[in-house]
>>> print(open('target-v3.cif').read())   # mmCIF, C-alpha atoms and all ligand atoms; chains and numbers go by the auth columns
data_target
#
loop_
_atom_site.group_PDB
_atom_site.id
_atom_site.type_symbol
_atom_site.label_atom_id
_atom_site.label_comp_id
_atom_site.label_asym_id
_atom_site.label_seq_id
_atom_site.Cartn_x
_atom_site.Cartn_y
_atom_site.Cartn_z
_atom_site.B_iso_or_equiv
_atom_site.auth_seq_id
_atom_site.auth_asym_id
ATOM 1 C CA MET A 1 0.000 0.000 0.000 0.00 1 A
ATOM 2 C CA ALA A 2 1.270 3.425 -0.891 0.00 2 A
ATOM 3 C CA LYS A 3 2.545 5.348 2.072 0.00 3 A
ATOM 4 C CA ILE A 4 0.672 8.562 2.686 0.00 4 A
ATOM 5 C CA ILE A 5 3.029 11.410 3.131 0.00 5 A
ATOM 6 C CA ARG A 6 1.693 14.385 5.054 0.00 6 A
ATOM 7 C CA ALA A 7 3.080 17.707 4.077 0.00 7 A
ATOM 8 C CA SER A 8 3.637 18.698 7.650 0.00 8 A
ATOM 9 C CA ASN A 9 6.115 15.965 8.491 0.00 9 A
ATOM 10 C CA ALA A 10 7.473 14.891 5.143 0.00 10 A
ATOM 11 C CA LYS A 11 10.890 16.406 4.911 0.00 11 A
ATOM 12 C CA THR A 12 11.037 15.915 1.150 0.00 12 A
ATOM 13 C CA ASN A 13 7.716 17.702 0.609 0.00 13 A
ATOM 14 C CA VAL A 14 8.450 20.878 2.483 0.00 14 A
ATOM 15 C CA PRO A 15 7.989 23.692 -0.027 0.00 15 A
ATOM 16 C CA SER A 16 11.007 25.814 -0.428 0.00 16 A
ATOM 17 C CA VAL A 17 10.549 29.077 1.445 0.00 17 A
ATOM 18 C CA PRO A 18 12.253 32.026 -0.176 0.00 18 A
ATOM 19 C CA LYS A 19 15.114 33.153 1.931 0.00 19 A
ATOM 20 C CA LYS A 20 14.700 36.421 3.732 0.00 20 A
ATOM 21 C CA PRO A 21 16.934 39.022 2.220 0.00 21 A
ATOM 22 C CA THR A 22 19.883 39.776 4.385 0.00 22 A
ATOM 23 C CA LYS A 23 19.843 43.082 6.177 0.00 23 A
ATOM 24 C CA ARG A 24 22.626 44.418 4.072 0.00 24 A
ATOM 25 C CA GLY A 25 20.963 43.539 0.755 0.00 25 A
ATOM 26 C CA ALA A 26 17.415 44.409 1.789 0.00 26 A
ATOM 27 C CA LYS A 27 15.736 47.289 0.066 0.00 27 A
ATOM 28 C CA ALA A 28 14.036 49.653 2.447 0.00 28 A
ATOM 29 C CA VAL A 29 10.248 49.520 1.926 0.00 29 A
ATOM 30 C CA PRO A 30 8.844 52.964 2.563 0.00 30 A
ATOM 31 C CA LYS A 31 6.348 52.939 5.431 0.00 31 A
ATOM 32 C CA ALA A 32 2.830 54.199 4.712 0.00 32 A
ATOM 33 C CA LYS A 33 2.466 57.677 6.118 0.00 33 A
ATOM 34 C CA LYS A 34 -0.029 57.844 8.964 0.00 34 A
ATOM 35 C CA SER A 35 -2.207 60.911 8.902 0.00 35 A
ATOM 36 C CA PRO A 36 -1.536 62.836 12.098 0.00 36 A
ATOM 37 C CA LYS A 37 -4.118 62.342 14.841 0.00 37 A
ATOM 38 C CA PRO A 38 -6.372 65.388 15.042 0.00 38 A
ATOM 39 C CA LYS A 39 -5.911 67.487 18.141 0.00 39 A
ATOM 40 C CA PRO A 40 -8.565 66.868 20.766 0.00 40 A
ATOM 41 C CA TRP A 41 -11.138 69.621 21.242 0.00 41 A
ATOM 42 C CA THR A 42 -10.394 72.053 24.020 0.00 42 A
ATOM 43 C CA PRO A 43 -13.141 72.809 26.565 0.00 43 A
ATOM 44 C CA ALA A 44 -13.355 76.340 25.130 0.00 44 A
ATOM 45 C CA GLU A 45 -13.941 74.980 21.611 0.00 45 A
ATOM 46 C CA ILE A 46 -16.651 72.615 22.834 0.00 46 A
ATOM 47 C CA HIS A 47 -18.331 75.459 24.657 0.00 47 A
ATOM 48 C CA GLU A 48 -18.140 77.549 21.506 0.00 48 A
ATOM 49 C CA ALA A 49 -19.649 74.804 19.312 0.00 49 A
ATOM 50 C CA PHE A 50 -22.637 74.220 21.600 0.00 50 A
ATOM 51 C CA SER A 51 -23.131 77.960 22.103 0.00 51 A
ATOM 52 C CA ARG A 52 -23.525 78.229 18.339 0.00 52 A
ATOM 53 C CA PHE A 53 -25.991 75.338 18.254 0.00 53 A
ATOM 54 C CA ARG A 54 -27.949 76.967 21.071 0.00 54 A
ATOM 55 C CA LYS A 55 -27.991 80.360 19.410 0.00 55 A
ATOM 56 C CA ALA A 56 -29.231 78.875 16.145 0.00 56 A
ATOM 57 C CA ASN A 57 -31.924 76.728 17.802 0.00 57 A
ATOM 58 C CA PRO A 58 -32.510 77.525 21.482 0.00 58 A
ATOM 59 C CA GLU A 59 -35.290 74.964 22.015 0.00 59 A
ATOM 60 C CA PRO A 60 -34.647 72.047 19.683 0.00 60 A
ATOM 61 C CA LYS A 61 -37.436 69.511 19.441 0.00 61 A
ATOM 62 C CA GLY A 62 -37.385 65.866 18.550 0.00 62 A
ATOM 63 C CA GLU A 63 -39.250 64.923 15.421 0.00 63 A
ATOM 64 C CA LEU A 64 -41.155 61.925 16.794 0.00 64 A
ATOM 65 C CA GLU A 65 -44.728 63.016 17.415 0.00 65 A
ATOM 66 C CA HIS A 66 -46.178 62.086 20.798 0.00 66 A
ATOM 67 C CA LEU A 67 -48.772 63.211 23.301 0.00 67 A
ATOM 68 C CA ASN A 68 -47.325 62.092 26.640 0.00 68 A
ATOM 69 C CA PRO A 69 -44.460 59.957 28.037 0.00 69 A
ATOM 70 C CA TYR A 70 -46.313 56.753 27.132 0.00 70 A
ATOM 71 C CA THR A 71 -46.830 57.659 23.474 0.00 71 A
ATOM 72 C CA LEU A 72 -43.222 58.888 23.329 0.00 72 A
ATOM 73 C CA LEU A 73 -42.079 55.502 24.601 0.00 73 A
ATOM 74 C CA VAL A 74 -44.204 53.682 22.017 0.00 74 A
ATOM 75 C CA ALA A 75 -43.002 55.982 19.225 0.00 75 A
ATOM 76 C CA VAL A 76 -39.354 55.356 20.112 0.00 76 A
ATOM 77 C CA VAL A 77 -39.891 51.592 20.232 0.00 77 A
ATOM 78 C CA LEU A 78 -41.525 51.787 16.795 0.00 78 A
ATOM 79 C CA SER A 79 -38.716 53.926 15.401 0.00 79 A
ATOM 80 C CA ALA A 80 -36.050 51.217 15.475 0.00 80 A
ATOM 81 C CA GLN A 81 -34.802 50.872 11.904 0.00 81 A
ATOM 82 C CA ALA A 82 -37.496 53.253 10.666 0.00 82 A
ATOM 83 C CA THR A 83 -37.628 56.963 9.930 0.00 83 A
ATOM 84 C CA ASP A 84 -39.341 59.417 12.267 0.00 84 A
ATOM 85 C CA ALA A 85 -41.533 60.557 9.382 0.00 85 A
ATOM 86 C CA GLY A 86 -42.646 56.981 8.708 0.00 86 A
ATOM 87 C CA VAL A 87 -43.416 56.396 12.387 0.00 87 A
ATOM 88 C CA ASN A 88 -45.370 59.670 12.669 0.00 88 A
ATOM 89 C CA LYS A 89 -47.506 58.736 9.696 0.00 89 A
ATOM 90 C CA ALA A 90 -48.627 55.562 11.450 0.00 90 A
ATOM 91 C CA THR A 91 -48.853 56.820 15.018 0.00 91 A
ATOM 92 C CA ARG A 92 -51.043 59.853 14.297 0.00 92 A
ATOM 93 C CA ALA A 93 -54.032 57.550 13.804 0.00 93 A
ATOM 94 C CA LEU A 94 -52.905 55.031 16.434 0.00 94 A
ATOM 95 C CA PHE A 95 -52.442 57.586 19.221 0.00 95 A
ATOM 96 C CA ALA A 96 -55.781 59.195 18.376 0.00 96 A
ATOM 97 C CA VAL A 97 -57.438 56.010 19.610 0.00 97 A
ATOM 98 C CA ALA A 98 -54.829 54.719 22.081 0.00 98 A
ATOM 99 C CA ASP A 99 -52.736 57.157 24.091 0.00 99 A
ATOM 100 C CA THR A 100 -52.543 55.108 27.308 0.00 100 A
ATOM 101 C CA PRO A 101 -51.463 51.535 28.050 0.00 101 A
ATOM 102 C CA GLU A 102 -55.047 50.640 28.978 0.00 102 A
ATOM 103 C CA LYS A 103 -56.446 51.864 25.669 0.00 103 A
ATOM 104 C CA MET A 104 -53.651 50.102 23.772 0.00 104 A
ATOM 105 C CA LEU A 105 -54.504 46.787 25.448 0.00 105 A
ATOM 106 C CA ALA A 106 -58.187 47.329 24.725 0.00 106 A
ATOM 107 C CA LEU A 107 -57.300 47.883 21.069 0.00 107 A
ATOM 108 C CA GLY A 108 -55.442 44.563 20.948 0.00 108 A
ATOM 109 C CA GLU A 109 -52.438 43.304 19.028 0.00 109 A
ATOM 110 C CA ASP A 110 -54.220 42.681 15.708 0.00 110 A
ATOM 111 C CA LYS A 111 -55.520 46.230 15.451 0.00 111 A
ATOM 112 C CA VAL A 112 -52.203 47.715 16.587 0.00 112 A
ATOM 113 C CA ARG A 113 -50.548 45.707 13.826 0.00 113 A
ATOM 114 C CA ASP A 114 -52.963 47.166 11.274 0.00 114 A
ATOM 115 C CA TYR A 115 -52.156 50.720 12.365 0.00 115 A
ATOM 116 C CA ILE A 116 -48.405 50.242 12.118 0.00 116 A
ATOM 117 C CA ARG A 117 -48.320 48.023 9.042 0.00 117 A
ATOM 118 C CA THR A 118 -46.264 50.598 7.086 0.00 118 A
ATOM 119 C CA ILE A 119 -43.377 50.454 9.584 0.00 119 A
ATOM 120 C CA GLY A 120 -40.596 47.889 9.213 0.00 120 A
ATOM 121 C CA LEU A 121 -40.746 44.867 11.565 0.00 121 A
ATOM 122 C CA TYR A 122 -44.350 45.787 12.398 0.00 122 A
ATOM 123 C CA ARG A 123 -45.415 42.328 13.566 0.00 123 A
ATOM 124 C CA ASN A 124 -42.756 42.143 16.224 0.00 124 A
ATOM 125 C CA LYS A 125 -43.221 45.783 17.158 0.00 125 A
ATOM 126 C CA ALA A 126 -46.999 45.303 17.633 0.00 126 A
ATOM 127 C CA LYS A 127 -46.234 42.409 19.980 0.00 127 A
ATOM 128 C CA ASN A 128 -43.818 44.592 21.945 0.00 128 A
ATOM 129 C CA VAL A 129 -46.243 47.506 22.195 0.00 129 A
ATOM 130 C CA ILE A 130 -48.881 45.223 23.708 0.00 130 A
ATOM 131 C CA ALA A 131 -46.386 43.488 26.014 0.00 131 A
ATOM 132 C CA LEU A 132 -44.858 46.742 27.244 0.00 132 A
ATOM 133 C CA SER A 133 -48.322 48.209 27.863 0.00 133 A
ATOM 134 C CA GLN A 134 -49.233 45.165 29.918 0.00 134 A
ATOM 135 C CA LYS A 135 -46.008 45.441 31.897 0.00 135 A
ATOM 136 C CA LEU A 136 -46.551 49.147 32.556 0.00 136 A
ATOM 137 C CA ILE A 137 -49.957 48.334 34.036 0.00 137 A
ATOM 138 C CA ASP A 138 -48.794 45.269 35.984 0.00 138 A
ATOM 139 C CA GLU A 139 -45.594 46.714 37.415 0.00 139 A
ATOM 140 C CA PHE A 140 -45.557 50.489 37.128 0.00 140 A
ATOM 141 C CA GLY A 141 -49.126 51.619 37.809 0.00 141 A
ATOM 142 C CA GLY A 142 -49.664 52.415 34.133 0.00 142 A
ATOM 143 C CA GLU A 143 -46.901 55.080 34.156 0.00 143 A
ATOM 144 C CA VAL A 144 -43.639 55.163 32.242 0.00 144 A
ATOM 145 C CA PRO A 145 -40.933 54.561 34.857 0.00 145 A
ATOM 146 C CA ARG A 146 -38.180 57.095 35.491 0.00 146 A
ATOM 147 C CA THR A 147 -35.083 54.944 35.726 0.00 147 A
ATOM 148 C CA ARG A 148 -32.936 53.579 32.945 0.00 148 A
ATOM 149 C CA ALA A 149 -33.034 50.020 34.292 0.00 149 A
ATOM 150 C CA GLU A 150 -36.830 50.014 34.535 0.00 150 A
ATOM 151 C CA ILE A 151 -37.316 51.427 31.039 0.00 151 A
ATOM 152 C CA GLU A 152 -34.801 48.963 29.607 0.00 152 A
ATOM 153 C CA SER A 153 -36.765 46.121 31.229 0.00 153 A
ATOM 154 C CA LEU A 154 -39.746 46.863 28.957 0.00 154 A
ATOM 155 C CA PRO A 155 -40.206 44.699 25.838 0.00 155 A
ATOM 156 C CA GLY A 156 -38.661 46.352 22.776 0.00 156 A
ATOM 157 C CA ALA A 157 -36.910 49.076 24.778 0.00 157 A
ATOM 158 C CA GLY A 158 -33.120 49.295 24.901 0.00 158 A
ATOM 159 C CA ARG A 159 -30.564 51.818 26.057 0.00 159 A
ATOM 160 C CA LYS A 160 -31.343 54.299 23.283 0.00 160 A
ATOM 161 C CA THR A 161 -35.076 54.189 24.069 0.00 161 A
ATOM 162 C CA ALA A 162 -34.348 54.789 27.748 0.00 162 A
ATOM 163 C CA ASN A 163 -32.080 57.730 26.939 0.00 163 A
ATOM 164 C CA VAL A 164 -34.637 59.376 24.644 0.00 164 A
ATOM 165 C CA VAL A 165 -37.509 58.921 27.124 0.00 165 A
ATOM 166 C CA LEU A 166 -35.461 60.098 30.113 0.00 166 A
ATOM 167 C CA ASN A 167 -34.310 63.158 28.190 0.00 167 A
ATOM 168 C CA MET A 168 -37.502 64.180 26.421 0.00 168 A
ATOM 169 C CA ALA A 169 -40.131 63.140 28.936 0.00 169 A
ATOM 170 C CA TYR A 170 -38.267 63.775 32.165 0.00 170 A
ATOM 171 C CA GLY A 171 -35.602 66.326 31.240 0.00 171 A
ATOM 172 C CA GLU A 172 -32.635 64.178 32.241 0.00 172 A
ATOM 173 C CA HIS A 173 -29.171 64.858 30.833 0.00 173 A
ATOM 174 C CA THR A 174 -28.913 61.675 28.807 0.00 174 A
ATOM 175 C CA MET A 175 -27.323 61.271 25.389 0.00 175 A
ATOM 176 C CA ALA A 176 -29.153 58.920 23.024 0.00 176 A
ATOM 177 C CA VAL A 177 -26.835 57.854 20.234 0.00 177 A
ATOM 178 C CA ASP A 178 -28.536 57.068 16.956 0.00 178 A
ATOM 179 C CA THR A 179 -26.901 56.780 13.564 0.00 179 A
ATOM 180 C CA HIS A 180 -26.639 60.594 13.204 0.00 180 A
ATOM 181 C CA VAL A 181 -25.113 61.250 16.614 0.00 181 A
ATOM 182 C CA PHE A 182 -22.732 58.340 16.102 0.00 182 A
ATOM 183 C CA ARG A 183 -21.505 59.800 12.809 0.00 183 A
ATOM 184 C CA VAL A 184 -21.235 63.379 14.063 0.00 184 A
ATOM 185 C CA GLY A 185 -19.400 62.332 17.238 0.00 185 A
ATOM 186 C CA ASN A 186 -16.836 60.392 15.236 0.00 186 A
ATOM 187 C CA ARG A 187 -16.405 62.770 12.312 0.00 187 A
ATOM 188 C CA THR A 188 -16.030 65.934 14.301 0.00 188 A
ATOM 189 C CA GLY A 189 -13.719 64.229 16.771 0.00 189 A
ATOM 190 C CA LEU A 190 -15.913 65.352 19.667 0.00 190 A
ATOM 191 C CA ALA A 191 -16.203 61.745 20.813 0.00 191 A
ATOM 192 C CA SER A 192 -14.734 58.937 18.766 0.00 192 A
ATOM 193 C CA GLY A 193 -15.764 55.372 19.393 0.00 193 A
ATOM 194 C CA ASN A 194 -16.614 52.203 17.560 0.00 194 A
ATOM 195 C CA SER A 195 -19.868 51.579 19.414 0.00 195 A
ATOM 196 C CA PRO A 196 -22.856 53.794 20.273 0.00 196 A
ATOM 197 C CA LEU A 197 -22.088 53.297 23.951 0.00 197 A
ATOM 198 C CA ALA A 198 -18.497 54.516 23.544 0.00 198 A
ATOM 199 C CA VAL A 199 -19.708 57.642 21.723 0.00 199 A
ATOM 200 C CA GLU A 200 -22.458 58.197 24.304 0.00 200 A
ATOM 201 C CA LEU A 201 -20.011 58.049 27.202 0.00 201 A
ATOM 202 C CA GLY A 202 -17.455 60.156 25.326 0.00 202 A
ATOM 203 C CA LEU A 203 -19.998 62.900 24.604 0.00 203 A
ATOM 204 C CA GLU A 204 -21.294 62.872 28.174 0.00 204 A
ATOM 205 C CA LYS A 205 -17.752 63.347 29.369 0.00 205 A
ATOM 206 C CA VAL A 206 -16.938 66.404 27.248 0.00 206 A
ATOM 207 C CA ILE A 207 -20.215 68.314 26.860 0.00 207 A
ATOM 208 C CA PRO A 208 -20.697 70.855 29.642 0.00 208 A
ATOM 209 C CA PRO A 209 -23.810 70.239 31.793 0.00 209 A
ATOM 210 C CA GLU A 210 -25.373 73.535 30.694 0.00 210 A
ATOM 211 C CA PHE A 211 -25.806 72.062 27.183 0.00 211 A
ATOM 212 C CA MET A 212 -26.695 68.465 28.042 0.00 212 A
ATOM 213 C CA ARG A 213 -30.464 68.989 28.165 0.00 213 A
ATOM 214 C CA HIS A 214 -30.564 69.688 24.413 0.00 214 A
ATOM 215 C CA ALA A 215 -27.220 68.319 23.163 0.00 215 A
ATOM 216 C CA HIS A 216 -28.815 65.113 21.915 0.00 216 A
ATOM 217 C CA HIS A 217 -31.246 67.005 19.666 0.00 217 A
ATOM 218 C CA TRP A 218 -28.671 69.488 18.416 0.00 218 A
ATOM 219 C CA LEU A 219 -26.404 66.636 17.339 0.00 219 A
ATOM 220 C CA ILE A 220 -29.223 64.621 15.749 0.00 220 A
ATOM 221 C CA LEU A 221 -30.466 67.625 13.800 0.00 221 A
ATOM 222 C CA HIS A 222 -26.905 68.521 12.816 0.00 222 A
ATOM 223 C CA GLY A 223 -26.384 65.003 11.453 0.00 223 A
ATOM 224 C CA ARG A 224 -29.760 64.859 9.764 0.00 224 A
ATOM 225 C CA TYR A 225 -29.638 68.200 7.973 0.00 225 A
ATOM 226 C CA THR A 226 -26.012 69.338 7.760 0.00 226 A
ATOM 227 C CA CYS A 227 -23.424 66.658 8.484 0.00 227 A
ATOM 228 C CA LEU A 228 -25.098 64.254 6.067 0.00 228 A
ATOM 229 C CA ALA A 229 -23.733 60.734 5.741 0.00 229 A
ATOM 230 C CA ARG A 230 -22.758 60.892 2.069 0.00 230 A
ATOM 231 C CA LYS A 231 -22.350 64.575 1.305 0.00 231 A
ATOM 232 C CA PRO A 232 -21.842 66.618 4.432 0.00 232 A
ATOM 233 C CA ARG A 233 -22.710 70.266 3.867 0.00 233 A
ATOM 234 C CA CYS A 234 -19.498 71.580 5.357 0.00 234 A
ATOM 235 C CA GLU A 235 -19.817 74.922 3.572 0.00 235 A
ATOM 236 C CA VAL A 236 -22.910 75.835 5.630 0.00 236 A
ATOM 237 C CA CYS A 237 -21.875 74.023 8.806 0.00 237 A
ATOM 238 C CA LEU A 238 -21.932 76.132 11.962 0.00 238 A
ATOM 239 C CA ILE A 239 -18.868 74.434 13.376 0.00 239 A
ATOM 240 C CA ASN A 240 -16.790 73.907 10.257 0.00 240 A
ATOM 241 C CA ASP A 241 -13.832 75.842 11.681 0.00 241 A
ATOM 242 C CA LEU A 242 -13.810 73.609 14.773 0.00 242 A
ATOM 243 C CA CYS A 243 -14.547 70.214 13.191 0.00 243 A
ATOM 244 C CA ARG A 244 -11.579 67.833 13.116 0.00 244 A
ATOM 245 C CA TRP A 245 -12.685 65.676 10.183 0.00 245 A
ATOM 246 C CA PRO A 246 -9.740 65.522 7.769 0.00 246 A
ATOM 247 C CA GLU A 247 -12.133 65.130 4.833 0.00 247 A
ATOM 248 C CA LYS A 248 -14.273 68.187 5.545 0.00 248 A
ATOM 249 C CA THR A 249 -14.723 70.245 2.422 0.00 249 A
ATOM 250 C CA VAL A 250 -13.960 73.723 3.771 0.00 250 A
HETATM 251 S S1 LIG B . -17.441 70.561 8.842 0.00 1 B
HETATM 252 FE FE1 LIG B . -18.447 69.016 7.586 0.00 1 B
HETATM 253 S S2 LIG B . -17.822 67.058 8.486 0.00 1 B
HETATM 254 FE FE2 LIG B . -17.427 68.654 10.020 0.00 1 B
HETATM 255 S S3 LIG B . -19.278 68.718 11.271 0.00 1 B
HETATM 256 FE FE3 LIG B . -19.503 70.238 9.672 0.00 1 B
HETATM 257 S S4 LIG B . -20.630 69.179 8.049 0.00 1 B
HETATM 258 FE FE4 LIG B . -19.788 67.607 9.411 0.00 1 B
#
>>> encode(input="target-v3.cif", output="C-alpha cells")
Amino acid sequence: MAKIIRASNAKTNVPSVPKKPTKRGAKAVPKAKKSPKPKPWTPAEIHEAFSRFRKANPEPKGELEHLNPYTLLVAVVLSAQATDAGVNKATRALFAVADTPEKMLALGEDKVRDYIRTIGLYRNKAKNVIALSQKLIDEFGGEVPRTRAEIESLPGAGRKTANVVLNMAYGEHTMAVDTHVFRVGNRTGLASGNSPLAVELGLEKVIPPEFMRHAHHWLILHGRYTCLARKPRCEVCLINDLCRWPEKTV
C-alpha cells in the first residue's frame, strides 16, 4: 500500500521558502504615512460649538410626534430601523385612539398591527407595544418609569429608548446615540468610538452640563440636515472651523 506522506512531516515535501533578504541587501520599503491624529477639542472649543448650536436653535425639538411619556415611549420603540416621518404617519391615527397603556390593550395586538403596518418589523413591534403596555400596568401603575433600568426592562426598549424617554419626557441629561449622533461624534472628533455606547459616554464626558439637556437634539439635527452621511454640507456648517474631520470640504 502506498505510504501517505503528510506535508507537515514529510521532509522531502516541504515547499522551499524564499530566503529572507539579508539586512545588508534588503531594500528599504517605505512605510505608509499615517495621517496625524487630530488634536482633541479644548473645553473652550466645545463650549463655543454648543453655544452656536444653542444660538441657532434655542429649544430644539425631537421629530417623533407624541402626546405624553407613554406615546413617546411607544413611538421610540416603533422607530427602530425606521424613519421618524414613517413612524409619525402611522402613530397619528394610532395615538388618536390609544394614548394610554389601557387603551392600547383594549385595542389589541391585531388592530395595533394594522395601524403600524407601514413600519418595518411591524409584527414584532406590535407584539412589543402590547407586552410593554401590559407590563406598565402590571408593574408600574400604568406610568412610564423614570429609571434607565426600569425602562430597559420593557419589551422592545433598549438603552437608546431609555435615553430618549429620560431626556424628552423627564428632562434628564442623557445622550441617546442614533446613527446621526454616532456619525457626528466620530467625524467631528468630539467623541470617537466604535460603538454607540463609547460615543455616548465620550460625549457625556466632554459636553458641559449647561448644554446636556438639548445636546442630543442638536447633534441629531446637525447630522440629519447638515453633516449628512454621504455629502456633508461643510460649507454651511456652523462648526466647520472647529470640526476635526480631515475630509471636511472647507
Ligand atoms: S465641517 Fe463638515 S464634516 Fe465637520 S461637522 Fe460640519 S458638516 Fe460635518
>>> resolve_selection(input="target-v3.cif", expression="the PyMOL selection byres (((chain A and resi 244) around 6) and not hetatm)", output="PyMOL selection string")
chain A and resi 188-189+243+245
>>> resolve_selection(input="target-v3.cif", expression="the PyMOL selection byres (((not hetatm)) within 12 of (chain B and resi 1))", output="PyMOL selection string")
chain A and resi 49+53+180-190+218-250
>>> atom_distance(input="target-v3.cif", atom1="atom CA of Leu154 of chain A", atom2="atom CA of Val112 of chain A")
17.6 Å
>>> resolve_selection(input="target-v3.cif", expression="the PyMOL selection byres (((chain A and resi 93-109) around 12) and not hetatm)", output="MDAnalysis selection string")
chainID A and resid 65:75 78 87:92 110:117 122:138 140:144
>>> closest_residue(input="target-v3.cif", among="A:Ala82, A:Ala215, A:Ala44, A:Val76", to="Thr174 of chain A", atoms="only C-alpha atoms")
A:Ala215
>>> axis_aligned_box(input="target-v3.cif", around="segment 167-177 of chain A", padding_each_side="4 Å", output="AutoDock Vina command-line options")
--center_x -33.5 --center_y 62.1 --center_z 26.2 --size_x 21.3 --size_y 16.5 --size_z 20.0
>>> closest_residue(input="target-v3.cif", among="A:Arg213, A:Thr83, A:Ala157, A:Pro145", to="Thr179 of chain A", atoms="only C-alpha atoms")
A:Thr83
>>> atom_distance(input="target-v3.cif", atom1="atom CA of Ile151 of chain A", atom2="atom CA of Pro58 of chain A")
28.2 Å
>>> closest_residue(input="target-v3.cif", among="A:Ser153, A:Thr147, A:Gln81, A:Thr42", to="Ile119 of chain A", atoms="all atoms listed in the file")
A:Gln81
>>> atom_distance(input="target-v3.cif", atom1="atom CA of His173 of chain A", atom2="atom CA of Lys55 of chain A")
19.3 Å
>>> residues_near_point(input="target-v3.cif", point="(-21.9, 56.4, 22.0)", cutoff="10 Å", atoms="only C-alpha atoms", output="list in words")
Lys160, Met175, Ala176, Val177, Asp178, Thr179, Val181, Phe182, Arg183, Gly185, Asn186, Ala191, Ser192, Gly193, Asn194, Ser195, Pro196, Leu197, Ala198, Val199, Glu200, Leu201, Gly202, Leu203 and Glu204 of chain A
>>> decode(input="target-v3.cif", residues="segment 141-153 of chain A", atoms="C-alpha atoms", output="short mmCIF file (atom, residue, chain, number, x, y, z; two decimals), in the first residue's frame")
data_model
loop_
_atom_site.label_atom_id
_atom_site.label_comp_id
_atom_site.auth_asym_id
_atom_site.auth_seq_id
_atom_site.Cartn_x
_atom_site.Cartn_y
_atom_site.Cartn_z
CA GLY A 141 -49.13 51.62 37.81
CA GLY A 142 -49.66 52.42 34.13
CA GLU A 143 -46.90 55.08 34.16
CA VAL A 144 -43.64 55.16 32.24
CA PRO A 145 -40.93 54.56 34.86
CA ARG A 146 -38.18 57.09 35.49
CA THR A 147 -35.08 54.94 35.73
CA ARG A 148 -32.94 53.58 32.95
CA ALA A 149 -33.03 50.02 34.29
CA GLU A 150 -36.83 50.01 34.54
CA ILE A 151 -37.32 51.43 31.04
CA GLU A 152 -34.80 48.96 29.61
CA SER A 153 -36.77 46.12 31.23
#
